[in-house]
>>> print(open('work.csv').read())   # CSV, C-alpha atoms
chain,number,residue,atom,x,y,z
A,7,MET,CA,-16.4,-46.9,2.8
A,8,LYS,CA,-19.5,-45.9,0.7
A,9,GLN,CA,-21.3,-44.8,3.9
A,10,LEU,CA,-18.2,-42.6,4.8
A,11,HIS,CA,-18.2,-41.1,1.3
A,12,ARG,CA,-21.9,-40.3,1.6
A,13,LEU,CA,-21.4,-38.7,5.0
A,14,ILE,CA,-18.6,-36.6,3.7
A,15,LEU,CA,-20.7,-35.5,0.7
A,16,LEU,CA,-23.6,-34.7,3.0
A,17,ILE,CA,-21.4,-32.5,5.2
A,18,VAL,CA,-20.0,-30.7,2.1
A,19,LEU,CA,-23.5,-30.0,0.8
A,20,ILE,CA,-24.6,-28.7,4.2
A,21,VAL,CA,-21.6,-26.4,4.5
A,22,VAL,CA,-22.0,-25.1,0.9
A,23,GLY,CA,-25.7,-24.6,1.5
A,24,LEU,CA,-25.2,-22.7,4.7
A,25,THR,CA,-22.5,-20.5,3.1
A,26,TRP,CA,-24.8,-19.7,0.2
A,27,LEU,CA,-27.7,-18.8,2.5
A,28,LYS,CA,-25.4,-16.6,4.6
A,29,SER,CA,-24.4,-14.7,1.5
A,30,ASN,CA,-28.0,-14.6,0.2
A,31,PRO,CA,-29.9,-13.8,3.4
A,32,SER,CA,-33.2,-12.9,1.6
A,33,ALA,CA,-33.3,-16.2,-0.2
A,34,CYS,CA,-34.4,-18.1,3.0
A,35,ARG,CA,-37.1,-15.7,3.9
A,36,ALA,CA,-39.8,-16.2,1.2
A,37,SER,CA,-42.3,-14.4,3.4
A,38,ASP,CA,-40.5,-11.1,3.5
A,39,TRP,CA,-42.2,-7.9,2.2
A,40,PRO,CA,-39.1,-6.0,1.0
A,41,GLN,CA,-40.7,-3.3,-1.1
A,42,ILE,CA,-44.0,-1.7,-2.1
A,43,LEU,CA,-46.8,-4.3,-2.7
A,44,GLY,CA,-44.6,-7.2,-1.6
A,45,PRO,CA,-42.0,-9.4,-3.1
A,46,HIS,CA,-43.5,-9.3,-6.6
A,47,ARG,CA,-44.9,-5.7,-6.5
A,48,ASN,CA,-48.4,-7.1,-7.1
A,49,GLY,CA,-49.9,-7.2,-3.6
A,50,SER,CA,-49.5,-10.9,-3.3
A,51,ALA,CA,-47.6,-12.5,-0.4
A,52,ASP,CA,-45.6,-15.8,-0.6
A,53,ASP,CA,-45.8,-18.8,1.8
A,54,GLU,CA,-48.1,-17.2,4.3
A,55,HIS,CA,-50.4,-19.1,6.7
A,56,LEU,CA,-53.2,-16.8,7.9
A,57,ALA,CA,-56.0,-17.5,10.3
A,58,GLY,CA,-59.4,-17.6,8.6
A,59,GLU,CA,-61.1,-15.8,11.5
A,60,TRP,CA,-60.1,-13.7,14.4
A,61,PRO,CA,-61.4,-12.8,17.9
A,62,LYS,CA,-64.4,-10.4,18.1
A,63,GLU,CA,-62.1,-7.6,19.2
A,64,GLY,CA,-59.9,-8.2,16.1
A,65,PRO,CA,-56.4,-9.5,15.6
A,66,LYS,CA,-54.0,-9.3,18.5
A,67,THR,CA,-51.6,-6.3,18.6
A,68,VAL,CA,-48.1,-7.7,18.9
A,69,TRP,CA,-46.6,-4.2,19.3
A,70,HIS,CA,-47.2,-0.6,18.4
A,71,ARG,CA,-45.4,2.7,18.3
A,72,ALA,CA,-45.8,6.3,17.5
A,73,VAL,CA,-45.0,7.6,14.0
A,74,GLY,CA,-44.3,10.9,12.4
A,75,ASN,CA,-45.6,12.4,9.1
A,76,GLY,CA,-45.9,10.5,5.8
A,77,PHE,CA,-47.9,8.0,3.9
A,78,ALA,CA,-45.1,5.4,3.4
A,79,GLY,CA,-45.8,1.9,4.5
A,80,VAL,CA,-43.1,-0.3,6.0
A,81,ALA,CA,-40.9,-2.8,4.3
A,82,VAL,CA,-39.9,-6.0,6.0
A,83,ALA,CA,-36.8,-8.2,5.4
A,84,GLU,CA,-34.2,-10.2,7.3
A,85,GLY,CA,-36.1,-9.9,10.5
A,86,LYS,CA,-36.3,-6.1,10.4
A,87,ALA,CA,-39.3,-3.8,9.8
A,88,VAL,CA,-38.1,-0.5,8.2
A,89,LEU,CA,-40.1,2.6,8.7
A,90,PHE,CA,-39.6,5.9,6.7
A,91,HIS,CA,-41.3,8.9,8.2
A,92,ARG,CA,-40.7,12.6,9.2
A,93,HIS,CA,-40.3,14.3,12.5
A,94,LYS,CA,-39.9,18.1,12.3
A,95,ASN,CA,-37.3,18.8,9.7
A,96,GLN,CA,-35.8,15.4,9.5
A,97,ASP,CA,-36.7,12.4,7.3
A,98,LEU,CA,-36.2,9.4,9.6
A,99,VAL,CA,-35.5,5.8,8.6
A,100,GLU,CA,-35.7,3.3,11.4
A,101,ALA,CA,-35.2,-0.4,11.6
A,102,MET,CA,-37.1,-2.3,14.2
A,103,ASP,CA,-37.1,-6.0,15.2
A,104,ALA,CA,-40.0,-7.2,13.1
A,105,ILE,CA,-41.4,-9.4,15.9
A,106,THR,CA,-40.9,-7.2,19.0
A,107,GLY,CA,-40.8,-3.7,17.5
A,108,LYS,CA,-37.5,-3.0,19.4
A,109,LEU,CA,-35.5,-0.2,17.7
A,110,ILE,CA,-32.3,-1.5,16.1
A,111,TRP,CA,-31.0,1.7,14.5
A,112,LYS,CA,-32.2,5.1,13.3
A,113,THR,CA,-30.8,7.4,10.6
A,114,SER,CA,-32.0,10.9,9.6
A,115,PHE,CA,-31.7,13.2,6.7
A,116,PRO,CA,-32.6,16.9,6.7
A,117,THR,CA,-35.6,18.0,4.7
A,118,ASN,CA,-37.6,21.2,4.1
A,119,PHE,CA,-40.3,19.8,1.8
A,120,GLN,CA,-43.8,21.3,2.1
A,121,ALA,CA,-46.7,19.8,0.1
A,122,GLN,CA,-48.8,22.1,-2.1
A,123,ILE,CA,-52.2,20.6,-1.3
A,124,VAL,CA,-52.2,18.4,1.7
A,125,GLU,CA,-50.8,19.3,5.2
A,126,ASP,CA,-48.7,16.1,5.5
A,127,ASN,CA,-45.1,16.7,4.5
A,128,GLY,CA,-43.6,13.3,5.1
A,129,PRO,CA,-42.3,10.6,2.7
A,130,ARG,CA,-44.7,8.9,0.4
A,131,CYS,CA,-42.5,6.0,-0.9
A,132,VAL,CA,-42.1,2.6,0.7
A,133,PRO,CA,-38.5,1.7,1.4
A,134,VAL,CA,-36.9,-0.8,-1.0
A,135,ILE,CA,-34.7,-3.4,0.7
A,136,HIS,CA,-32.3,-5.3,-1.5
A,137,GLN,CA,-29.2,-7.4,-0.6
A,138,GLY,CA,-28.4,-5.6,2.6
A,139,SER,CA,-29.2,-2.1,1.5
A,140,VAL,CA,-32.2,0.1,2.0
A,141,TYR,CA,-33.2,2.6,-0.8
A,142,LEU,CA,-35.3,5.6,0.2
A,143,PHE,CA,-37.0,8.3,-1.9
A,144,GLY,CA,-38.0,11.3,0.1
A,145,ALA,CA,-40.9,13.6,-0.8
A,146,SER,CA,-38.5,16.4,-1.8
A,147,GLY,CA,-37.0,14.1,-4.4
A,148,ASP,CA,-33.8,13.1,-2.5
A,149,LEU,CA,-32.6,9.5,-2.9
A,150,HIS,CA,-30.7,7.8,-0.1
A,151,CYS,CA,-29.1,4.4,0.4
A,152,VAL,CA,-28.3,3.1,3.9
A,153,SER,CA,-27.1,-0.3,5.3
A,154,LEU,CA,-29.9,-2.6,6.4
A,155,ALA,CA,-27.6,-4.0,9.2
A,156,SER,CA,-26.5,-0.7,10.7
A,157,GLY,CA,-28.3,2.2,9.1
A,158,ASP,CA,-24.9,3.7,8.0
A,159,LYS,CA,-25.3,6.1,5.1
A,160,ARG,CA,-23.9,4.8,1.8
A,161,TRP,CA,-24.9,7.5,-0.7
A,162,SER,CA,-27.4,10.3,-1.3
A,163,ARG,CA,-28.5,12.3,-4.3
A,164,PRO,CA,-31.0,15.2,-4.6
A,165,VAL,CA,-32.2,13.9,-8.0
A,166,TYR,CA,-35.2,16.3,-8.3
A,167,GLN,CA,-32.8,19.2,-7.9
A,168,GLU,CA,-30.2,17.7,-10.1
A,169,PHE,CA,-32.5,17.0,-13.0
A,170,ASN,CA,-34.7,20.1,-12.5
A,171,ALA,CA,-37.9,18.0,-11.8
A,172,PRO,CA,-41.0,19.7,-10.4
A,173,GLU,CA,-42.3,18.4,-7.0
A,174,GLY,CA,-45.9,18.2,-8.2
A,175,TYR,CA,-49.0,18.2,-6.0
A,176,PHE,CA,-47.7,15.9,-3.3
A,177,GLY,CA,-43.9,15.6,-3.8
A,178,ALA,CA,-42.0,12.6,-5.0
A,179,GLY,CA,-44.2,9.5,-4.7
A,180,SER,CA,-43.1,6.9,-7.3
A,181,THR,CA,-41.2,4.1,-5.3
A,182,PRO,CA,-38.1,3.1,-7.3
A,183,ILE,CA,-37.4,-0.4,-8.5
A,184,VAL,CA,-34.3,-2.5,-8.4
A,185,GLU,CA,-33.3,-4.2,-11.7
A,186,GLY,CA,-29.9,-6.0,-11.7
A,187,ASP,CA,-27.3,-3.6,-10.5
A,188,LYS,CA,-29.5,-0.5,-11.1
A,189,LEU,CA,-32.1,1.5,-9.3
A,190,LEU,CA,-34.7,2.8,-11.8
A,191,VAL,CA,-36.6,6.0,-10.9
A,192,ASN,CA,-39.4,8.0,-12.4
A,193,VAL,CA,-37.8,11.4,-11.7
A,194,GLY,CA,-39.7,13.5,-14.3
A,195,GLY,CA,-36.8,15.7,-15.3
A,196,THR,CA,-38.4,16.5,-18.6
A,197,LYS,CA,-36.2,19.5,-19.5
A,198,SER,CA,-33.0,17.5,-19.0
A,199,GLY,CA,-34.1,14.3,-20.8
A,200,ALA,CA,-34.3,12.5,-17.4
A,201,GLY,CA,-37.9,11.5,-17.2
A,202,LEU,CA,-36.6,8.0,-16.2
A,203,ILE,CA,-33.2,7.4,-14.8
A,204,ALA,CA,-31.0,4.4,-13.7
A,205,LEU,CA,-28.6,4.8,-10.9
A,206,SER,CA,-25.9,2.4,-9.7
A,207,LEU,CA,-27.0,0.5,-6.6
A,208,SER,CA,-23.5,0.6,-5.2
A,209,ASP,CA,-22.7,4.4,-5.4
A,210,GLY,CA,-25.8,6.1,-6.8
A,211,LYS,CA,-24.0,7.3,-10.0
A,212,THR,CA,-26.1,7.8,-13.1
A,213,ILE,CA,-25.9,4.9,-15.5
A,214,TRP,CA,-28.5,6.2,-18.0
A,215,GLN,CA,-31.2,8.8,-18.4
A,216,ALA,CA,-34.0,8.6,-20.9
A,217,THR,CA,-37.4,10.1,-22.1
A,218,ASP,CA,-39.2,13.3,-21.3
A,219,GLU,CA,-41.8,11.5,-19.2
A,220,GLN,CA,-43.2,13.5,-16.3
A,221,ALA,CA,-43.4,11.9,-12.8
A,222,SER,CA,-46.4,10.2,-11.3
A,223,TYR,CA,-47.2,8.5,-8.0
A,224,SER,CA,-47.3,5.1,-9.5
A,225,ALA,CA,-44.5,2.6,-8.7
A,226,PRO,CA,-43.1,0.7,-11.7
A,227,ALA,CA,-43.3,-3.1,-12.1
A,228,ALA,CA,-41.0,-5.5,-14.0
A,229,ALA,CA,-41.7,-8.7,-16.0
A,230,THR,CA,-40.1,-10.9,-18.6
A,231,ILE,CA,-42.5,-11.7,-21.5
A,232,ASP,CA,-41.3,-14.0,-24.3
A,233,GLY,CA,-37.7,-13.6,-23.2
A,234,VAL,CA,-37.9,-9.8,-23.2
A,235,ARG,CA,-37.4,-7.8,-20.0
A,236,HIS,CA,-39.9,-5.0,-19.5
A,237,VAL,CA,-39.9,-2.4,-16.7
A,238,ILE,CA,-43.3,-0.7,-17.0
A,239,PHE,CA,-43.9,2.8,-15.6
A,240,VAL,CA,-47.2,4.6,-15.5
A,241,THR,CA,-46.0,8.2,-15.7
A,242,ARG,CA,-48.0,11.4,-15.7
A,243,TYR,CA,-49.5,10.9,-19.1
A,244,ASN,CA,-48.4,7.5,-20.5
A,245,ALA,CA,-47.7,3.9,-19.7
A,246,VAL,CA,-44.2,3.2,-20.8
A,247,SER,CA,-42.1,0.0,-21.0
A,248,ILE,CA,-38.3,0.4,-21.0
A,249,ASP,CA,-35.3,-1.8,-21.5
A,250,PRO,CA,-33.6,-1.7,-18.0
A,251,ASP,CA,-30.2,-2.1,-19.6
A,252,ASP,CA,-30.1,1.2,-21.5
A,253,GLY,CA,-33.5,3.0,-21.1
A,254,HIS,CA,-34.7,2.1,-24.6
A,255,VAL,CA,-38.5,2.5,-24.9
A,256,ARG,CA,-40.1,-0.7,-25.9
A,257,PHE,CA,-43.6,0.6,-26.0
A,258,ARG,CA,-45.7,3.6,-24.9
A,259,PHE,CA,-49.4,4.3,-24.9
A,260,PRO,CA,-51.3,7.3,-23.7
A,261,PHE,CA,-52.6,7.0,-20.1
A,262,GLY,CA,-53.6,10.1,-18.1
A,263,LYS,CA,-55.2,13.5,-18.4
A,264,ARG,CA,-54.2,17.1,-17.9
A,265,GLY,CA,-55.5,19.0,-15.0
A,266,PRO,CA,-55.8,18.0,-11.3
A,267,THR,CA,-55.4,14.3,-12.0
A,268,VAL,CA,-53.3,11.5,-10.4
A,269,ASN,CA,-51.8,8.3,-11.8
A,270,ALA,CA,-50.9,6.2,-8.7
A,271,ALA,CA,-51.8,2.5,-9.0
A,272,THR,CA,-48.9,0.2,-9.9
A,273,PRO,CA,-49.2,-1.6,-13.3
A,274,LEU,CA,-50.0,-5.3,-13.1
A,275,VAL,CA,-48.7,-7.9,-15.5
A,276,ILE,CA,-51.1,-10.7,-16.0
A,277,ASP,CA,-50.5,-13.7,-18.3
A,278,GLY,CA,-48.5,-11.6,-20.8
A,279,HIS,CA,-50.9,-8.6,-20.5
A,280,VAL,CA,-50.6,-5.3,-18.7
A,281,PHE,CA,-53.4,-3.8,-16.6
A,282,VAL,CA,-53.3,-0.1,-15.7
A,283,SER,CA,-56.0,1.9,-13.8
A,284,SER,CA,-56.7,5.4,-12.7
A,285,SER,CA,-59.6,7.6,-11.8
A,286,TYR,CA,-60.3,11.2,-12.8
A,287,GLY,CA,-61.9,10.1,-16.0
A,288,VAL,CA,-58.8,8.2,-17.2
A,289,GLY,CA,-60.2,4.7,-16.6
A,290,ALA,CA,-58.4,1.4,-17.3
A,291,VAL,CA,-56.5,-0.3,-20.1
A,292,PHE,CA,-55.9,-4.0,-20.6
A,293,ALA,CA,-53.3,-4.7,-23.3
A,294,LYS,CA,-51.3,-7.6,-24.7
A,295,ILE,CA,-47.6,-7.1,-24.3
A,296,GLN,CA,-45.4,-7.7,-27.4
A,297,LYS,CA,-41.7,-7.3,-27.7
A,298,GLU,CA,-41.7,-3.7,-28.8
A,299,SER,CA,-45.4,-2.8,-28.7
A,300,VAL,CA,-48.8,-3.5,-27.1
A,301,LYS,CA,-52.1,-4.4,-28.5
A,302,THR,CA,-55.1,-3.0,-26.6
A,303,VAL,CA,-57.7,-5.6,-25.6
A,304,TRP,CA,-60.1,-3.1,-24.0
A,305,ALA,CA,-60.0,0.4,-22.6
A,306,ASN,CA,-62.8,2.2,-20.7
A,307,ASP,CA,-63.8,4.2,-17.6
A,308,ASP,CA,-66.4,1.7,-16.5
A,309,THR,CA,-64.6,-1.4,-15.4
A,310,MET,CA,-62.1,-0.5,-12.7
A,311,SER,CA,-61.0,3.1,-12.3
A,312,SER,CA,-58.9,3.3,-9.2
A,313,GLN,CA,-57.8,6.6,-7.6
A,314,TYR,CA,-54.6,5.1,-6.1
A,315,PRO,CA,-55.0,1.5,-4.8
A,316,THR,CA,-53.5,-1.3,-6.9
A,317,SER,CA,-55.8,-4.3,-7.6
A,318,VAL,CA,-54.8,-7.9,-6.8
A,319,TYR,CA,-55.2,-10.9,-9.1
A,320,LYS,CA,-56.3,-14.4,-8.2
A,321,ASP,CA,-57.3,-17.3,-10.4
A,322,GLY,CA,-58.4,-15.3,-13.4
A,323,TYR,CA,-60.0,-12.3,-11.5
A,324,LEU,CA,-59.0,-8.9,-10.3
A,325,TYR,CA,-60.2,-7.5,-6.9
A,326,GLY,CA,-59.8,-3.8,-6.3
A,327,ILE,CA,-61.4,-0.4,-5.6
A,328,ASP,CA,-63.2,1.6,-8.2
A,329,GLY,CA,-63.8,5.3,-7.5
A,330,ARG,CA,-62.4,8.2,-5.6
A,331,GLN,CA,-62.0,8.9,-1.9
A,332,ASP,CA,-62.1,12.7,-2.2
A,333,VAL,CA,-65.6,12.6,-3.7
A,334,GLY,CA,-66.9,9.8,-1.4
A,335,VAL,CA,-67.7,7.3,-4.1
A,336,ALA,CA,-65.6,4.1,-3.9
A,337,GLU,CA,-66.6,0.5,-4.1
A,338,LEU,CA,-65.0,-2.9,-4.0
A,339,ARG,CA,-65.2,-4.8,-7.3
A,340,CYS,CA,-64.3,-8.1,-8.9
A,341,VAL,CA,-63.4,-8.0,-12.5
A,342,GLU,CA,-62.7,-10.6,-15.2
A,343,PRO,CA,-59.8,-8.8,-17.0
A,344,ASN,CA,-59.8,-10.6,-20.3
A,345,ALA,CA,-63.3,-9.4,-21.1
A,346,GLY,CA,-63.3,-6.3,-18.9
A,347,LYS,CA,-66.4,-7.7,-17.2
A,348,VAL,CA,-67.5,-6.6,-13.7
A,349,MET,CA,-68.5,-9.7,-11.9
A,350,TRP,CA,-69.8,-8.0,-8.8
A,351,LYS,CA,-69.7,-4.7,-6.9
A,352,LYS,CA,-69.9,-3.7,-3.2
A,353,PRO,CA,-71.2,-0.2,-3.3
A,354,GLY,CA,-70.2,2.1,-0.4
A,355,PHE,CA,-67.3,0.0,0.6
A,356,GLY,CA,-64.9,2.9,0.6
A,357,MET,CA,-61.3,3.4,-0.3
A,358,ALA,CA,-58.9,0.6,0.7
A,359,SER,CA,-55.6,-1.2,0.0
A,360,LEU,CA,-55.6,-5.0,-0.7
A,361,ILE,CA,-53.2,-7.8,0.0
A,362,LEU,CA,-53.7,-11.4,-1.3
A,363,ALA,CA,-52.3,-14.1,0.9
A,364,ASP,CA,-53.0,-17.8,1.7
A,365,GLY,CA,-56.1,-17.6,-0.5
A,366,LYS,CA,-57.6,-14.7,1.4
A,367,LEU,CA,-58.0,-10.9,0.9
A,368,VAL,CA,-56.6,-8.7,3.6
A,369,ILE,CA,-58.2,-5.3,3.2
A,370,MET,CA,-57.1,-2.2,5.0
A,371,LYS,CA,-59.7,0.5,4.6
A,372,THR,CA,-58.7,4.1,4.8
A,373,ASP,CA,-61.4,4.7,7.5
A,374,GLY,CA,-59.4,2.3,9.8
A,375,GLU,CA,-61.5,-0.8,9.4
A,376,LEU,CA,-59.6,-4.1,8.7
A,377,VAL,CA,-61.5,-6.7,6.6
A,378,LEU,CA,-60.8,-10.3,5.8
A,379,ALA,CA,-62.6,-11.7,2.8
A,380,GLU,CA,-62.6,-14.7,0.4
A,381,PRO,CA,-61.5,-13.9,-3.2
A,382,ASN,CA,-64.7,-15.2,-4.8
A,383,PRO,CA,-65.8,-14.2,-8.3
A,384,LYS,CA,-69.5,-14.9,-7.6
A,385,GLU,CA,-70.0,-12.5,-4.7
A,386,PHE,CA,-68.4,-10.6,-1.9
A,387,ARG,CA,-67.7,-13.0,1.0
A,388,PRO,CA,-66.4,-11.3,4.1
A,389,LEU,CA,-64.9,-13.6,6.7
A,390,ALA,CA,-64.1,-11.1,9.5
A,391,SER,CA,-63.7,-7.4,10.3
A,392,ALA,CA,-62.4,-5.2,13.1
A,393,ARG,CA,-61.5,-1.6,13.7
A,394,ALA,CA,-57.7,-1.2,13.7
A,395,PHE,CA,-57.8,2.6,13.8
A,396,SER,CA,-60.2,5.5,14.4
A,397,SER,CA,-58.4,7.8,12.0
A,398,THR,CA,-57.4,7.9,8.3
A,399,CYS,CA,-55.0,5.1,7.0
A,400,ARG,CA,-53.4,6.0,3.7
A,401,ALA,CA,-50.2,4.0,4.1
A,402,LEU,CA,-50.0,0.7,2.3
A,403,PRO,CA,-50.0,-2.4,4.6
A,404,ALA,CA,-47.3,-5.0,4.7
A,405,LEU,CA,-47.5,-8.7,5.5
A,406,ALA,CA,-44.5,-10.8,6.5
A,407,ASN,CA,-44.4,-14.1,8.4
A,408,GLY,CA,-48.1,-13.8,9.5
A,409,LEU,CA,-47.6,-10.3,10.9
A,410,LEU,CA,-49.6,-7.5,9.4
A,411,TYR,CA,-48.0,-4.0,9.6
A,412,VAL,CA,-50.5,-1.1,9.3
A,413,ARG,CA,-50.3,2.6,10.2
A,414,ASP,CA,-52.5,5.7,10.4
A,415,THR,CA,-51.4,9.3,10.9
A,416,GLN,CA,-50.1,8.6,14.4
A,417,THR,CA,-49.4,4.9,15.1
A,418,LEU,CA,-47.8,1.9,13.5
A,419,LYS,CA,-49.2,-1.4,14.6
A,420,CYS,CA,-48.0,-5.0,14.1
A,421,LEU,CA,-51.0,-7.3,14.2
A,422,ASP,CA,-50.9,-11.1,14.5
A,423,ARG,CA,-52.6,-12.8,11.6
A,424,ARG,CA,-50.9,-16.2,12.0
A,425,ARG,CA,-52.9,-19.4,12.3
>>> encode(input="work.csv", output="structure tokens")
Amino acid sequence: MKQLHRLILLIVLIVVGLTWLKSNPSACRASDWPQILGPHRNGSADDEHLAGEWPKEGPKTVWHRAVGNGFAGVAVAEGKAVLFHRHKNQDLVEAMDAITGKLIWKTSFPTNFQAQIVEDNGPRCVPVIHQGSVYLFGASGDLHCVSLASGDKRWSRPVYQEFNAPEGYFGAGSTPIVEGDKLLVNVGGTKSGAGLIALSLSDGKTIWQATDEQASYSAPAAATIDGVRHVIFVTRYNAVSIDPDDGHVRFRFPFGKRGPTVNAATPLVIDGHVFVSSSYGVGAVFAKIQKESVKTVWANDDTMSSQYPTSVYKDGYLYGIDGRQDVGVAELRCVEPNAGKVMWKKPGFGMASLILADGKLVIMKTDGELVLAEPNPKEFRPLASARAFSSTCRALPALANGLLYVRDTQTLKCLDRRR
């Protein structure tokens, strides 16, 4: 009788577990890359198992396809790789089978955006995938929500137009963040008191608007410190933490400069501290987060001043790019953040985006070279390198289930990094 009871209990537990997994599909896919900079918005991948070396010709290309305009990297979840790009006067969002590249669905939105400085007129923001929906922020400042399963349109809002926000040098480029039942966006509607806004995930309606912060190209990050929830934005001129429930400002400190400057790297939360970085003479700040304030540990323009890539953190050290691509001076660095000490430099390395996975650095350089390295605070230790592209790669890479998704101005490639 006891064995029968145990069997019945086991069956019940299995049924309950399967039902829960079905209603929470992302929960069983820890290796997904559902948004900018991965599951935690810090460039670190979960539960990956990567080869420590690759063939001389480089990682195997699993599939590839042509892409339109834009700098948006892909997002990967629930077996789908989602691409946001532009063809002619349409912003296209396409879902492909993440393993085969086969098109599953395609949805389009009209656009007439034209950048002020660069020729590229496509989307800049990585799609955000959350609980069966895909959230998209076009360069013209239009927000869209579509179904991950079918691509069906759920809602759209021209938030830049509605809140009288300027397009800036390159258009909208701050990837929104999901917090609870809200989508938080750095819109930059300063005249309407809508520097930051929160929209309902379900229907896109405004829940709150707050601050007179101008928009940047930096995506926000979220963290809970001492029981307090912070969503941290690097805006045009400040680093700002807000309460996601109502938009209340928890802290703000100056970060940015007037003139032709850009804030683009995502803030990193490290052991109760926040690290922000920019180039153009702005520099970096490392500060202790308190409930309603911060205490600066150090601030300078010598340690890690990144034009737009976000550094990654591993075992007490930051790895990232210091410098600017447009002036040809960019180097890979390792930094001990508590003291702001530069452990080593690799001059002439060039601009690049970094991913940390399985104890390795996966580095996609903007010149098309792909580098695998060991995150070592003593010296730069490359493990392998190969040329993935012969043209410029500005889009952020994505890594999911051992597959690396990278794109240049013409092609999206899925590379096999599994071991």
>>> residues_near_point(input="work.csv", point="(-57.6, -1.6, 1.4)", cutoff="10 Å", atoms="all atoms listed in the file", output="MDAnalysis selection string")
chainID A and resid 315:317 326:327 338 355:361 367:377 399:403
>>> write_last_selection(input="work.csv", atoms="C-alpha atoms", output="tab-separated table (two decimals), keeping the file's coordinate frame")
chain	number	residue	atom	x	y	z
A	315	PRO	CA	-55.00	1.50	-4.80
A	316	THR	CA	-53.50	-1.30	-6.90
A	317	SER	CA	-55.80	-4.30	-7.60
A	326	GLY	CA	-59.80	-3.80	-6.30
A	327	ILE	CA	-61.40	-0.40	-5.60
A	338	LEU	CA	-65.00	-2.90	-4.00
A	355	PHE	CA	-67.30	0.00	0.60
A	356	GLY	CA	-64.90	2.90	0.60
A	357	MET	CA	-61.30	3.40	-0.30
A	358	ALA	CA	-58.90	0.60	0.70
A	359	SER	CA	-55.60	-1.20	0.00
A	360	LEU	CA	-55.60	-5.00	-0.70
A	361	ILE	CA	-53.20	-7.80	0.00
A	367	LEU	CA	-58.00	-10.90	0.90
A	368	VAL	CA	-56.60	-8.70	3.60
A	369	ILE	CA	-58.20	-5.30	3.20
A	370	MET	CA	-57.10	-2.20	5.00
A	371	LYS	CA	-59.70	0.50	4.60
A	372	THR	CA	-58.70	4.10	4.80
A	373	ASP	CA	-61.40	4.70	7.50
A	374	GLY	CA	-59.40	2.30	9.80
A	375	GLU	CA	-61.50	-0.80	9.40
A	376	LEU	CA	-59.60	-4.10	8.70
A	377	VAL	CA	-61.50	-6.70	6.60
A	399	CYS	CA	-55.00	5.10	7.00
A	400	ARG	CA	-53.40	6.00	3.70
A	401	ALA	CA	-50.20	4.00	4.10
A	402	LEU	CA	-50.00	0.70	2.30
A	403	PRO	CA	-50.00	-2.40	4.60
>>> atom_distance(input="work.csv", atom1="atom CA of A:Phe257", atom2="atom CA of A:Leu205")
21.7 Å
>>> closest_atom_pairs(input="work.csv", of="stretch 133-234 of chain A", to="stretch 266-280 of chain A", cutoff="6 Å", atoms="all atoms listed in the file", output="tab-separated table")
residue	atom	partner	partner_atom	distance
A:Ser222	CA	A:Asn269	CA	5.7
A:Tyr223	CA	A:Ala270	CA	4.4
A:Ser224	CA	A:Ala270	CA	3.8
A:Ala225	CA	A:Thr272	CA	5.2
>>> closest_residue(input="work.csv", among="A:Thr196, A:Gln167, A:Ser311, A:Ser37", to="A:Ala336", atoms="all atoms listed in the file")
A:Ser311
>>> atom_distance(input="work.csv", atom1="atom CA of A:Gln296", atom2="atom CA of A:Val282")
16.0 Å
>>> residues_near_point(input="work.csv", point="(-52.4, -17.8, 2.3)", cutoff="6 Å", atoms="only C-alpha atoms", output="NGL selection string")
:A and (54-56 or 363-365)
>>> write_last_selection(input="work.csv", atoms="C-alpha atoms", output="PDB file, in the frame of the given file")
ATOM      1  CA  GLU A  54     -48.100 -17.200   4.300  1.00  0.00           C
ATOM      2  CA  HIS A  55     -50.400 -19.100   6.700  1.00  0.00           C
ATOM      3  CA  LEU A  56     -53.200 -16.800   7.900  1.00  0.00           C
ATOM      4  CA  ALA A 363     -52.300 -14.100   0.900  1.00  0.00           C
ATOM      5  CA  ASP A 364     -53.000 -17.800   1.700  1.00  0.00           C
ATOM      6  CA  GLY A 365     -56.100 -17.600  -0.500  1.00  0.00           C
TER       7      GLY A 365
END
>>> atom_distance(input="work.csv", atom1="atom CA of A:Gly195", atom2="atom CA of A:Thr217")
8.8 Å
>>> residues_around(input="work.csv", residues="stretch 92-100 of chain A", least_positions_apart="2", cutoff="8 Å", atoms="all atoms listed in the file", output="JSON, numbers by chain")
{"A": [74, 75, 76, 88, 89, 90, 102, 109, 110, 111, 112, 113, 114, 115, 116, 117, 118, 127, 128, 129, 144, 157]}
>>> write_last_selection(input="work.csv", atoms="C-alpha atoms", output="compact mmCIF listing (two decimals), in the frame of the given file")
# COMPACT_ATOMS: atom_id res chain seq x y z
CA GLY A 74 -44.30 10.90 12.40
CA ASN A 75 -45.60 12.40 9.10
CA GLY A 76 -45.90 10.50 5.80
CA VAL A 88 -38.10 -0.50 8.20
CA LEU A 89 -40.10 2.60 8.70
CA PHE A 90 -39.60 5.90 6.70
CA MET A 102 -37.10 -2.30 14.20
CA LEU A 109 -35.50 -0.20 17.70
CA ILE A 110 -32.30 -1.50 16.10
CA TRP A 111 -31.00 1.70 14.50
CA LYS A 112 -32.20 5.10 13.30
CA THR A 113 -30.80 7.40 10.60
CA SER A 114 -32.00 10.90 9.60
CA PHE A 115 -31.70 13.20 6.70
CA PRO A 116 -32.60 16.90 6.70
CA THR A 117 -35.60 18.00 4.70
CA ASN A 118 -37.60 21.20 4.10
CA ASN A 127 -45.10 16.70 4.50
CA GLY A 128 -43.60 13.30 5.10
CA PRO A 129 -42.30 10.60 2.70
CA GLY A 144 -38.00 11.30 0.10
CA GLY A 157 -28.30 2.20 9.10
>>> residues_around(input="work.csv", residues="A:Phe386", least_positions_apart="4", cutoff="10 Å", atoms="all atoms listed in the file", output="number ranges by chain")
A: 338-340, 350-352, 379-382
